[in-house]
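As provided, structure06.txt (compact mmCIF, C-alpha atoms) reads as follows.
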```txt
# COMPACT_ATOMS: atom_id res chain seq x y z
CA MET A 497 -12.64 -1.18 -17.33
CA ALA A 498 -13.38 1.20 -20.22
CA PHE A 499 -13.62 4.93 -19.61
CA ASP A 500 -15.10 7.45 -22.04
CA LYS A 501 -13.11 10.41 -20.78
CA ILE A 502 -10.18 11.34 -18.63
CA ILE A 503 -10.32 13.63 -15.63
CA ALA A 504 -6.65 14.65 -15.77
CA ASP A 505 -4.08 14.55 -18.57
CA LYS A 506 -0.32 14.36 -18.24
CA GLU A 507 0.19 18.11 -17.81
CA HIS A 508 -2.39 18.13 -15.05
CA ILE A 509 -0.96 15.02 -13.38
CA ILE A 510 2.50 16.62 -13.23
CA ARG A 511 0.96 19.24 -10.94
CA LEU A 512 -0.51 16.52 -8.70
CA ILE A 513 2.54 14.33 -8.09
CA PRO A 514 6.10 15.12 -6.97
CA GLN A 515 7.79 13.38 -9.93
CA LYS A 516 8.79 15.40 -12.96
CA PRO A 517 9.62 14.27 -16.51
CA PRO A 518 11.26 11.97 -17.46
CA MET A 519 10.23 10.14 -14.26
CA VAL A 520 6.49 10.56 -14.75
CA MET A 521 4.89 7.12 -15.23
CA VAL A 522 1.21 8.12 -15.32
CA ASP A 523 -0.30 10.17 -18.12
CA LYS A 524 -4.04 9.84 -17.57
CA LEU A 525 -6.38 9.83 -14.62
CA TYR A 526 -9.68 8.17 -15.50
CA PHE A 527 -11.46 7.85 -12.20
CA SER A 528 -10.88 8.33 -8.49
CA ASP A 529 -13.11 7.99 -5.46
CA GLU A 530 -12.64 7.06 -1.80
CA THR A 531 -11.48 3.55 -2.49
CA ARG A 532 -10.59 3.12 -6.15
CA THR A 533 -8.51 5.01 -8.69
CA PHE A 534 -7.84 4.22 -12.34
CA THR A 535 -4.94 5.70 -14.27
CA GLY A 536 -3.40 5.16 -17.68
CA LEU A 537 0.03 5.20 -19.25
CA LEU A 538 1.01 5.03 -22.89
CA ILE A 539 4.43 3.40 -23.09
CA THR A 540 6.54 5.50 -25.39
CA GLU A 541 9.93 4.72 -26.84
CA ASP A 542 11.58 7.47 -24.81
CA ASN A 543 10.34 6.07 -21.50
CA ILE A 544 13.44 5.82 -19.30
CA PHE A 545 12.31 2.47 -17.89
CA CYS A 546 12.12 0.85 -21.33
CA GLN A 547 14.72 -1.56 -22.55
CA ASP A 548 14.73 -3.89 -25.56
CA GLY A 549 11.24 -2.80 -26.52
CA PHE A 550 9.57 -3.40 -23.17
CA LEU A 551 8.75 -1.42 -20.03
CA ARG A 552 10.88 -3.08 -17.37
CA GLU A 553 9.90 -4.04 -13.82
CA PRO A 554 10.97 -0.77 -12.10
CA GLY A 555 8.74 1.14 -14.51
CA ILE A 556 5.75 -1.01 -13.60
CA ILE A 557 6.37 -0.53 -9.87
CA GLU A 558 6.84 3.20 -10.40
CA ASN A 559 3.56 3.28 -12.36
CA ILE A 560 1.71 1.70 -9.42
CA ALA A 561 3.30 4.06 -6.88
CA GLN A 562 2.62 7.14 -9.01
CA SER A 563 -0.97 6.02 -9.60
CA ALA A 564 -1.41 6.02 -5.81
CA ALA A 565 0.29 9.45 -5.66
CA THR A 566 -2.04 10.75 -8.37
CA ARG A 567 -4.99 9.74 -6.24
CA VAL A 568 -3.64 11.70 -3.26
CA GLY A 569 -2.86 14.73 -5.40
CA TYR A 570 -6.27 14.68 -7.04
CA PHE A 571 -8.01 14.33 -3.67
CA CYS A 572 -6.07 17.34 -2.31
CA GLU A 573 -6.85 19.42 -5.38
CA LYS A 574 -10.55 18.57 -5.17
CA ASN A 575 -10.61 19.55 -1.52
CA ASN A 576 -8.57 22.73 -1.95
CA ILE A 577 -5.64 21.36 0.05
CA THR A 578 -2.67 23.25 -1.31
CA LYS A 579 0.11 21.28 0.37
CA ILE A 580 -0.02 17.84 -1.21
CA PRO A 581 1.63 15.24 1.08
CA ILE A 582 4.57 13.36 -0.35
CA GLY A 583 4.29 9.58 -0.32
CA PHE A 584 7.17 7.20 0.30
CA ILE A 585 7.04 3.50 -0.50
CA GLY A 586 7.44 1.70 2.82
CA ALA A 587 7.14 -1.83 1.51
CA ILE A 588 6.05 -3.82 -1.49
CA LYS A 589 4.50 -7.23 -0.92
CA LYS A 590 3.18 -10.04 -3.09
CA LEU A 591 4.56 -8.48 -6.26
CA GLN A 592 3.72 -10.52 -9.33
CA ILE A 593 4.70 -9.47 -12.83
CA PHE A 594 3.20 -11.78 -15.39
CA GLU A 595 4.47 -10.04 -18.49
CA LEU A 596 6.28 -6.89 -19.55
CA PRO A 597 4.31 -4.42 -21.65
CA LYS A 598 5.59 -3.49 -25.10
CA ILE A 599 6.45 0.00 -26.29
CA GLY A 600 3.35 1.50 -27.89
CA SER A 601 0.94 -0.30 -25.60
CA GLU A 602 -1.33 1.31 -23.05
CA LEU A 603 -1.49 0.37 -19.39
CA GLN A 604 -4.47 0.82 -17.15
CA THR A 605 -3.69 0.74 -13.44
CA GLU A 606 -6.18 0.30 -10.65
CA ILE A 607 -5.39 1.35 -7.11
CA ILE A 608 -7.58 -0.05 -4.36
CA ILE A 609 -7.27 1.42 -0.89
CA ASP A 610 -7.16 -1.61 1.35
CA TYR A 611 -6.57 0.16 4.65
CA GLU A 612 -5.44 3.46 6.12
CA VAL A 613 -3.77 3.59 9.51
CA PHE A 614 -1.85 6.50 11.08
CA ASP A 615 0.04 8.07 8.15
CA PHE A 616 0.17 4.85 6.16
CA SER A 617 -1.98 3.70 3.28
CA LEU A 618 -2.04 0.07 2.32
CA VAL A 619 -2.96 -0.17 -1.31
CA ILE A 620 -3.42 -2.92 -3.85
CA GLY A 621 -2.14 -2.07 -7.32
CA ILE A 622 -3.35 -3.95 -10.38
CA VAL A 623 -1.85 -3.21 -13.80
CA ARG A 624 -3.82 -4.27 -16.85
CA GLN A 625 -3.12 -4.25 -20.55
CA ASP A 626 -6.15 -4.83 -22.78
CA GLU A 627 -8.17 -5.93 -19.72
CA LYS A 628 -5.59 -8.59 -18.88
CA ILE A 629 -3.76 -8.36 -15.55
CA ILE A 630 -0.03 -8.13 -16.23
CA ALA A 631 1.16 -7.16 -12.74
CA GLN A 632 -0.09 -6.69 -9.21
CA CYS A 633 1.22 -6.02 -5.73
CA GLU A 634 0.43 -4.65 -2.31
CA MET A 635 2.15 -1.42 -1.40
CA LYS A 636 2.56 0.25 1.96
CA ILE A 637 2.86 3.99 1.45
CA PHE A 638 3.90 6.47 4.12
CA LEU A 639 2.39 9.92 3.64
CA LYS A 640 4.57 12.73 4.93
CA LYS A 641 2.02 15.41 5.75
CA ASP A 642 4.29 18.40 6.43
CA MET B 858 -14.18 -13.69 23.21
CA GLN B 859 -12.24 -15.97 25.56
CA LYS B 860 -8.62 -15.21 26.47
CA GLU B 861 -7.38 -18.51 25.00
CA GLU B 862 -9.25 -17.85 21.77
CA ILE B 863 -7.66 -14.39 21.45
CA ILE B 864 -4.16 -15.76 22.08
CA GLU B 865 -4.72 -18.51 19.55
CA LYS B 866 -5.89 -15.98 16.96
CA ILE B 867 -2.88 -13.71 17.61
CA ASN B 868 -0.43 -16.61 17.37
CA SER B 869 -2.01 -17.81 14.20
CA PHE B 870 -1.62 -14.48 12.38
CA LEU B 871 1.94 -14.05 13.68
CA ILE B 872 2.80 -17.43 12.17
CA GLU B 873 0.92 -16.90 8.90
CA GLU B 874 1.54 -13.24 8.14
CA PHE B 875 4.96 -12.68 9.72
CA GLU B 876 6.41 -16.15 9.14
CA ILE B 877 7.33 -16.52 12.81
CA GLU B 878 8.05 -20.04 14.04
CA GLU B 879 5.56 -21.38 16.57
CA SER B 880 8.45 -22.22 18.92
CA GLN B 881 9.36 -18.49 19.09
CA LEU B 882 5.95 -17.55 20.42
CA VAL B 883 6.72 -17.45 24.11
CA PRO B 884 5.15 -14.74 26.32
CA GLU B 885 8.49 -13.08 27.16
CA ALA B 886 9.54 -12.81 23.49
CA ASP B 887 10.42 -9.23 22.65
CA LEU B 888 8.43 -8.16 19.58
CA LYS B 889 11.36 -6.34 17.96
CA GLN B 890 14.42 -8.28 19.06
CA ALA B 891 13.11 -11.82 19.28
CA LEU B 892 10.30 -11.81 16.75
CA GLY B 893 11.87 -9.32 14.34
CA ILE B 894 8.79 -7.12 14.05
CA ASP B 895 10.06 -3.76 12.81
CA SER B 896 8.23 -0.44 12.58
CA LEU B 897 6.84 -1.21 9.12
CA ASP B 898 5.63 -4.64 10.29
CA PHE B 899 3.94 -2.82 13.14
CA VAL B 900 1.69 -1.10 10.63
CA ASP B 901 0.63 -4.50 9.27
CA LEU B 902 0.15 -5.73 12.82
CA ILE B 903 -2.21 -2.86 13.60
CA VAL B 904 -4.18 -3.46 10.41
CA ILE B 905 -4.55 -7.15 11.30
CA ILE B 906 -5.63 -6.31 14.86
CA GLU B 907 -8.24 -3.83 13.66
CA LYS B 908 -9.58 -6.19 11.01
CA ASN B 909 -9.65 -9.23 13.31
CA PHE B 910 -10.76 -7.72 16.59
CA GLY B 911 -12.86 -4.80 15.39
CA PHE B 912 -11.40 -1.88 17.34
CA LYS B 913 -9.24 1.10 16.39
CA VAL B 914 -5.70 1.10 17.73
CA LYS B 915 -4.28 4.37 18.98
CA GLY B 916 -0.51 4.74 18.60
CA GLU B 917 0.04 5.86 22.18
CA GLU B 918 -1.64 2.72 23.53
CA MET B 919 1.09 0.59 21.99
CA ILE B 920 4.03 2.44 23.57
CA ASP B 921 4.31 0.01 26.49
CA VAL B 922 3.79 -3.07 24.36
CA ARG B 923 7.24 -4.63 24.26
CA ASN B 924 6.85 -8.37 24.46
CA LEU B 925 4.27 -10.91 23.40
CA GLN B 926 2.63 -11.02 26.84
CA ASP B 927 2.16 -7.21 26.75
CA PHE B 928 0.64 -7.63 23.31
CA TYR B 929 -1.77 -10.39 24.44
CA ASP B 930 -2.75 -8.31 27.50
CA TYR B 931 -3.39 -5.22 25.39
CA ILE B 932 -5.63 -7.05 22.92
CA ILE B 933 -7.50 -8.94 25.66
CA ALA B 934 -8.13 -5.70 27.58
CA ARG B 935 -9.36 -3.88 24.46
CA VAL B 936 -11.55 -6.75 23.25
CA ASN B 937 -13.20 -7.07 26.65
CA LYS B 938 -13.57 -3.33 27.22
```

Go through the file and emit its structure as structure tokens.
Amino acid sequence: MAFDKIIADKEHIIRLIPQKPPMVMVDKLYFSDETRTFTGLLITEDNIFCQDGFLREPGIIENIAQSAATRVGYFCEKNNITKIPIGFIGAIKKLQIFELPKIGSELQTEIIIDYEVFDFSLVIGIVRQDEKIIAQCEMKIFLKKD
Amino acid sequence: MQKEEIIEKINSFLIEEFEIEESQLVPEADLKQALGIDSLDFVDLIVIIEKNFGFKVKGEEMIDVRNLQDFYDYIIARVNK
């Protein structure tokens, strides 16, 4: 999906998620509503999850998890909730990585909220590069509220 | 929904989603010990219940659910409420 503008840049996103550089794996927030969120990441040479010219699997998983965290942080900010809950990955299911993205390429990650129960969110993460799906998984995220 | 239909539906998602053998699905089977359903699986179980049977599960209602028979009884009671 193409977006004309971003709603949060990297500096802004750092205030929305618990990770700090060099662990930050999201640098753009394009869109976020109740059920869907779109983020972006430019893969730079200094990315700590890059090896031999490619972003490796842990970086892709981290990108999905942080995209979900960005959604929570953005929601809290929009609703004037000062204490942003911290999310913990409870489980990852049906992970498929079709290809590793190259340094210099741009990822677009879609987070779909599949279900929310108690303090858990079940999300579907889809990572695209040039509109092509390169990875996807289901993630169970526990939100620690205080 | 008939009792047998509910049990069949429960058994079918336990087999498909949790990879439990059909032979393990006996009423006295303990959900944690015998069927290996841990606390994270429980979240999936609740999601499946809510999606399949159309009611919201409250955490406290599940406290006494220990074995498969308790689980069947809970769902049957809630579906027919």

Checklist entry - What is the distance, in Å and to one decimal place, between CA of Ile599 (chain A) and CA of Glu541 (chain A)? => result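 Calculated distance between CA of Ile599 (chain A) and CA of Glu541 (chain A) is 5.9 Å.
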
Checklist entry - Within 8 Å of chain B, which residues of chain A show up when using all atoms listed in the file, listed as a list in words? => result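 That gives Gly586, Ala587, Tyr611, Val613, Phe614 and Phe616 of chain A for chain A.
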
Next on the checklist: as a VMD selection string, please: the residues near Glu558 (chain A) (cut-off 9 Å, only C-alpha atoms, same-chain neighbours under 3 positions excluded).
Outcome noted: chain A and resid 519 to 522 553 to 555 561 to 563

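Using only C-alpha atoms, the nearest neighbour of Gly911 (chain B) within the list B:Gln890, B:Ser896, B:Asn937, B:Ser880 is B:Asn937.
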
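Across the model, the gap from CA of Cys633 (chain A) to CA of Thr533 (chain A) is 15.0 Å.
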
Next on the checklist: Using all atoms listed in the file, list the residues that have an atom at most 8 Å from (-14.4, 2.5, -14.4), coordinates as in the file, as a list in words.
Outcome noted: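 It turns out the residues near that spot are Met497, Ala498, Phe499, Tyr526, Phe527 and Phe534 of chain A.
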
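Taking CA of Ala891 (chain B) and CA of Ile906 (chain B) as the two end points, the separation is 20.0 Å.
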
Item to check | Contact residues around Gln926 (chain B) with only C-alpha atoms at 8 Å, ignoring same-chain residues under 5 positions, as a list in words | outcome: Pro884, Glu885 and Ala886 of chain B

Checklist entry - Near Ile588 (chain A), counting only C-alpha atoms, which residues have an atom at most 7 Å away, once you skip same-chain residues fewer than 5 positions from it, shown as a PyMOL selection string? => result chain A and resi 633-636

Give, as lines of an AutoDock Vina configuration file, the centre coordinates and the x, y and z edge lengths in Å to one decimal for an axis-aligned box around all listed atoms of region 577-588 of chain A, padded by 3 Å on each side.
```
center_x = 0.9
center_y = 9.7
center_z = 0.7
size_x = 19.1
size_y = 33.1
size_z = 10.3
```

Item to check | Residue with smallest distance to Glu918 (chain B) - pool B:Arg935, B:Glu878, B:Ile905, B:Ser869, counting only C-alpha atoms | outcome: B:Arg935

Next on the checklist: Distance cut-off 6 Å, centre (-2.0, -1.4, -15.6) in file coordinates, counting only C-alpha atoms: which residues qualify? Return them as an NGL selection string.
Outcome noted: :A and (603-605 or 622-625)

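Across A:Asn559, A:Thr531, A:Thr540, A:Gln592, the tightest approach to Asp610 (chain A) is made by A:Thr531 when counting only C-alpha atoms.
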
Checklist entry - Of the candidates B:Phe912, B:Ile932, B:Met919, B:Asp927, which one gets nearest to Glu865 (chain B) if we count all atoms listed in the file? => result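 For Glu865 (chain B), the nearest of the candidates is B:Ile932.
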
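Considering the residues A:Cys572, A:Ile580, A:Ala565, A:Leu591 and counting only C-alpha atoms, Ser617 (chain A) has its shortest atom-to-atom contact with A:Ala565.
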